[in-house]
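Below is one structure, written out as structure tokens, with a few remarks after it.
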Amino acid sequence: MLEVKKEGVVLLKTGFGFENEGVLNPAAIADGEFIHLFYRAVSKGNYSSIGYCKLKGPLVVTERNDKPIIAPEFPYESHGVEDPRIVKIDDLYFLTYTAYDGVNALGALATSADLIHFEKNGLIVAQTTYPEFCKLIGPNCAINEKYLRFNENGQLFEKDGIKVYMWDKNLVFFPDRINGKMHFLHRIKPDIQITTITELTDLTPEFWKDYFQHFEEHIVMTSKYAHEVSYIGGGCPPIKTEFGWLLIYHGVHDTIDGYVYSACAALLDLENPQKEIARLPYPLFEPEYKWELIGEVNNVCFPTGAIDHDGILYIYYGAADEQIACTSVNLQSLLSELLTNKL
């Protein structure tokens with residue numbers, strides 16, 4: 001059995017106004033002996049910004065900002081910037097996050113050359129209503145019936161004066177171009193989809209129209225096992241290994257006590273990440289300790305950042321939507337276990 005170690009809580013909320021309700025779901029990127037965490041910071045009223053801290057090694061916090069590094073500025077993010085992930089592509093850092101305007105939750109992007117100054121690129125996923133989605137995919141598109149269940153609110157055209165779109169969250173870029181192309185994962189419930197572009201300028205309304213007309217081709221992962229039966233979503237940025245892209249994602253299943261969020265693992269093909277080649281048939285880790293079982297949202301392990309440190313994979317995650325914790329696992333052992341569970 002794969003040995004996974006819960007390292008415990010790494011970061012707690014403080015009395016600072018921007019993070020006095022919780023800290024969770026951090027992006028993580030290594031730079032020499034230091035690891036940079038960009039985390040969701042929640043203030044009273046459930047307004048989120050992105051905080052920053054620096055770790056020496058995987059677990060020791062050495063610096064922490066007393067104000068957000070990224071905060072809401074524009075109407076599309078007026079109620080919060082949430083759940084960041086980060087990678088480096090072509091010498092530029094891509095920090096993706098969920099922009100929430102009080103009605104819509106959609107994937108957005110900010111870029112940086114130095115991890116200090118970020119330029120917002122705006123929403124980069126489609127802004128599509130549910131009726132528009134249904135029309136574009138057509139009557140013969142064989143998608144999971146849960147698309148209707150999870151997105152039927154989109155049948156409302158407007159709420160609080162804001163047009164209602166399908167939620168498209170968990171926007172995660174691959175850290176390298178593949179055959180000259182950039183790829184990113186995103187999630188319209190209940191599945192994980194993948195998008196391929198050459199440059200960000202490709203993401204036009206015409207691009208998304210064609211995307212939805214061929215929607216089935218872009219679904220890269222669907223629920224498969226009991227611990228993820230309700231829905232799945234992207235987690236940490238994929239990690240390139242000799243056997244494939246290692247993807248740590250989240251799986252959700254419904255219980256009498258509500259949804260339970262677990263961390264899961266899969267492998268995608270190196271040259272064609274549209275193709276899933278292996279998946280663990282059980283959670284990599286799931287809520288078991290008090291800090292994961294009880295919090296702002298109970299029963300949550302939500303992985304969003306992972307670092308390979310001397311062959312040990314450290315996975316940072318939001319625990320019960322209130323604090324940031326870390327789990328470690330031997331990377332080669334995880335890959336070996338995945339390879340025994342090829343699809």
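Convention: chains lettered A, B, ... in structure tokens order; per-chain residue numbering from 1; ligands numbered from 1 as shown.
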Do a neighbour search on stretch 4-20 of chain A at 9 Å with only C-alpha atoms, toss out local chain neighbours closer than 5 positions, and write the hits as a ChimeraX atom specification.
/A:40-44,47-51,59-61,66-68,284-285,291,314,316,319,322-330
Using N, CA and C atoms, can you write the selected residues to a file as a tab-separated table (two decimals), in the first residue's frame?
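To be explicit, this is the file written out as part_39.tsv:
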chain	number	residue	atom	x	y	z
A	40	ARG	N	-5.30	31.53	-1.16
A	40	ARG	CA	-6.58	32.21	-1.03
A	40	ARG	C	-6.75	32.66	0.42
A	41	ALA	N	-6.97	33.94	0.60
A	41	ALA	CA	-7.17	34.54	1.92
A	41	ALA	C	-8.60	35.06	1.98
A	42	VAL	N	-9.32	34.67	3.02
A	42	VAL	CA	-10.75	34.99	3.10
A	42	VAL	C	-11.02	35.95	4.26
A	43	SER	N	-11.71	37.02	3.96
A	43	SER	CA	-12.11	37.98	4.99
A	43	SER	C	-13.58	37.80	5.33
A	44	LYS	N	-14.04	38.52	6.33
A	44	LYS	CA	-15.44	38.42	6.74
A	44	LYS	C	-16.35	38.77	5.56
A	47	TYR	N	-15.21	37.36	1.25
A	47	TYR	CA	-14.50	38.04	0.16
A	47	TYR	C	-13.06	37.55	0.17
A	48	SER	N	-12.57	37.12	-0.98
A	48	SER	CA	-11.24	36.52	-1.05
A	48	SER	C	-10.25	37.38	-1.82
A	49	SER	N	-9.02	37.34	-1.37
A	49	SER	CA	-7.88	37.90	-2.10
A	49	SER	C	-6.79	36.84	-2.09
A	50	ILE	N	-5.64	37.17	-2.63
A	50	ILE	CA	-4.53	36.21	-2.67
A	50	ILE	C	-3.39	36.72	-1.81
A	51	GLY	N	-3.05	35.96	-0.79
A	51	GLY	CA	-1.93	36.28	0.08
A	51	GLY	C	-0.67	35.58	-0.37
A	59	LEU	N	8.40	23.05	4.49
A	59	LEU	CA	7.46	23.19	5.59
A	59	LEU	C	7.65	24.39	6.50
A	60	VAL	N	8.75	25.13	6.35
A	60	VAL	CA	9.06	26.20	7.31
A	60	VAL	C	8.79	27.56	6.68
A	61	VAL	N	7.83	28.29	7.22
A	61	VAL	CA	7.50	29.63	6.73
A	61	VAL	C	8.52	30.62	7.26
A	66	ASP	N	1.67	40.99	5.02
A	66	ASP	CA	0.57	41.39	5.88
A	66	ASP	C	-0.57	42.06	5.09
A	67	LYS	N	-0.50	41.94	3.77
A	67	LYS	CA	-1.57	42.43	2.91
A	67	LYS	C	-1.59	41.58	1.65
A	68	PRO	N	-2.68	41.59	0.90
A	68	PRO	CA	-2.76	40.73	-0.28
A	68	PRO	C	-1.75	41.12	-1.35
A	284	LEU	N	-5.75	9.34	-2.99
A	284	LEU	CA	-4.36	9.48	-2.54
A	284	LEU	C	-4.35	9.85	-1.07
A	285	PHE	N	-5.19	10.79	-0.69
A	285	PHE	CA	-5.47	11.05	0.72
A	285	PHE	C	-6.83	11.72	0.83
A	291	TRP	N	-8.33	18.99	11.56
A	291	TRP	CA	-8.20	20.19	10.73
A	291	TRP	C	-8.74	19.99	9.31
A	314	TYR	N	5.67	16.97	-2.15
A	314	TYR	CA	4.93	17.67	-1.10
A	314	TYR	C	3.71	18.31	-1.74
A	316	TYR	N	0.41	20.60	-1.21
A	316	TYR	CA	-0.21	21.61	-0.36
A	316	TYR	C	-1.70	21.65	-0.68
A	319	ALA	N	-7.43	22.66	3.87
A	319	ALA	CA	-8.00	21.71	4.81
A	319	ALA	C	-9.25	22.32	5.44
A	322	GLU	N	-10.22	26.21	5.69
A	322	GLU	CA	-9.87	27.17	6.74
A	322	GLU	C	-8.37	27.31	6.97
A	323	GLN	N	-7.60	26.28	6.69
A	323	GLN	CA	-6.16	26.35	6.87
A	323	GLN	C	-5.46	25.59	5.74
A	324	ILE	N	-4.15	25.80	5.68
A	324	ILE	CA	-3.34	25.14	4.64
A	324	ILE	C	-2.52	24.05	5.30
A	325	ALA	N	-2.58	22.86	4.74
A	325	ALA	CA	-1.83	21.73	5.25
A	325	ALA	C	-0.99	21.13	4.13
A	326	CYS	N	-0.18	20.15	4.49
A	326	CYS	CA	0.73	19.53	3.52
A	326	CYS	C	0.80	18.03	3.76
A	327	THR	N	0.89	17.29	2.67
A	327	THR	CA	1.06	15.85	2.69
A	327	THR	C	2.28	15.50	1.83
A	328	SER	N	3.00	14.47	2.20
A	328	SER	CA	4.16	14.06	1.41
A	328	SER	C	4.05	12.58	1.02
A	329	VAL	N	4.65	12.28	-0.15
A	329	VAL	CA	4.66	10.91	-0.65
A	329	VAL	C	5.90	10.75	-1.53
A	330	ASN	N	6.50	9.57	-1.48
A	330	ASN	CA	7.63	9.30	-2.36
A	330	ASN	C	7.16	9.31	-3.81
Could you build a table of the residues in stretch 96-170 of chain A lying no more than 9 Å from stretch 202-226 of chain A, giving for each the nearest pair of atoms and their separation in Å rounded to one decimal place, using only C-alpha atoms, ordered by chain and ascending residue number, as a tab-separated table?
residue	atom	partner	partner_atom	distance
A:Ile124	CA	A:Leu203	CA	6.9
A:Val125	CA	A:Leu203	CA	7.8
A:Ala126	CA	A:Trp208	CA	6.2
A:Gln127	CA	A:Pro205	CA	8.7
A:Thr128	CA	A:Trp208	CA	8.9
A:Phe133	CA	A:Phe212	CA	6.9
A:Cys134	CA	A:Phe212	CA	9.0
A:Lys135	CA	A:Gln213	CA	8.8
A:Leu136	CA	A:Gln213	CA	5.1
A:Ile137	CA	A:Gln213	CA	4.8
A:Gly138	CA	A:Gln213	CA	7.3
A:Cys141	CA	A:Glu216	CA	6.9
A:Ala142	CA	A:Glu216	CA	7.3
A:Ile143	CA	A:Glu216	CA	6.9
A:Asn144	CA	A:Thr222	CA	8.8
Could you pull the residues within 7 Å of stretch 237-251 of chain A, counting only C-alpha atoms, minus those fewer than 6 positions along the same chain, as a VMD selection string?
chain A and resid 85 172 to 174 227 to 228 231 261 to 270 302 to 303 305
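Comparing A:Asp321, A:Glu271, A:Tyr130, A:Lys163 by their smallest distance to A:Gly295, the closest is A:Asp321 (using only C-alpha atoms).
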Selected residue, from A:Pro190, A:Pro26, A:Asp160, A:Ile69, that lies nearest to A:Leu115 when counting only C-alpha atoms
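The closest residue to A:Leu115 is A:Ile69.
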Write out as a ChimeraX atom specification the set of residues from stretch 43-97 of chain A that DSSP, computed on the backbone, places in strand (DSSP E).
/A:43,47-56,60-64,80-89,92-97
Take the selection from the previous step and output its residues with C-alpha atoms, as a PDB file, in the first residue's frame.
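Wrote it out as selection.pdb, contents follow:
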ATOM      1  CA  SER A  43     -12.107  37.985   4.990  1.00  0.00           C
ATOM      2  CA  TYR A  47     -14.504  38.039   0.163  1.00  0.00           C
ATOM      3  CA  SER A  48     -11.240  36.517  -1.051  1.00  0.00           C
ATOM      4  CA  SER A  49      -7.884  37.903  -2.098  1.00  0.00           C
ATOM      5  CA  ILE A  50      -4.532  36.208  -2.665  1.00  0.00           C
ATOM      6  CA  GLY A  51      -1.934  36.281   0.077  1.00  0.00           C
ATOM      7  CA  TYR A  52       1.734  35.369  -0.106  1.00  0.00           C
ATOM      8  CA  CYS A  53       4.300  33.608   2.039  1.00  0.00           C
ATOM      9  CA  LYS A  54       7.739  32.069   1.451  1.00  0.00           C
ATOM     10  CA  LEU A  55       8.976  28.766   2.802  1.00  0.00           C
ATOM     11  CA  LYS A  56      12.539  27.569   3.290  1.00  0.00           C
ATOM     12  CA  VAL A  60       9.056  26.200   7.307  1.00  0.00           C
ATOM     13  CA  VAL A  61       7.496  29.629   6.727  1.00  0.00           C
ATOM     14  CA  THR A  62      10.167  32.355   6.750  1.00  0.00           C
ATOM     15  CA  GLU A  63       8.272  35.336   5.290  1.00  0.00           C
ATOM     16  CA  ARG A  64       4.622  36.324   5.115  1.00  0.00           C
ATOM     17  CA  GLY A  80     -13.208  37.689  -4.740  1.00  0.00           C
ATOM     18  CA  VAL A  81     -10.116  36.216  -6.350  1.00  0.00           C
ATOM     19  CA  GLU A  82      -9.913  32.575  -5.318  1.00  0.00           C
ATOM     20  CA  ASP A  83      -7.958  29.299  -5.492  1.00  0.00           C
ATOM     21  CA  PRO A  84      -4.738  30.240  -7.337  1.00  0.00           C
ATOM     22  CA  ARG A  85      -2.420  27.869  -9.210  1.00  0.00           C
ATOM     23  CA  ILE A  86       0.945  28.819 -10.687  1.00  0.00           C
ATOM     24  CA  VAL A  87       3.392  27.581 -13.344  1.00  0.00           C
ATOM     25  CA  LYS A  88       6.226  29.069 -15.380  1.00  0.00           C
ATOM     26  CA  ILE A  89       5.964  29.045 -19.185  1.00  0.00           C
ATOM     27  CA  LEU A  92       6.775  34.083 -17.526  1.00  0.00           C
ATOM     28  CA  TYR A  93       4.828  33.038 -14.451  1.00  0.00           C
ATOM     29  CA  PHE A  94       1.178  32.179 -15.092  1.00  0.00           C
ATOM     30  CA  LEU A  95      -0.982  32.511 -11.988  1.00  0.00           C
ATOM     31  CA  THR A  96      -4.530  31.357 -12.631  1.00  0.00           C
ATOM     32  CA  TYR A  97      -7.409  31.925 -10.252  1.00  0.00           C
TER      33      TYR A  97
END
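Atom pair atom CA of A:Asn341 / atom CA of A:Ile277: separated by 8.7 Å.
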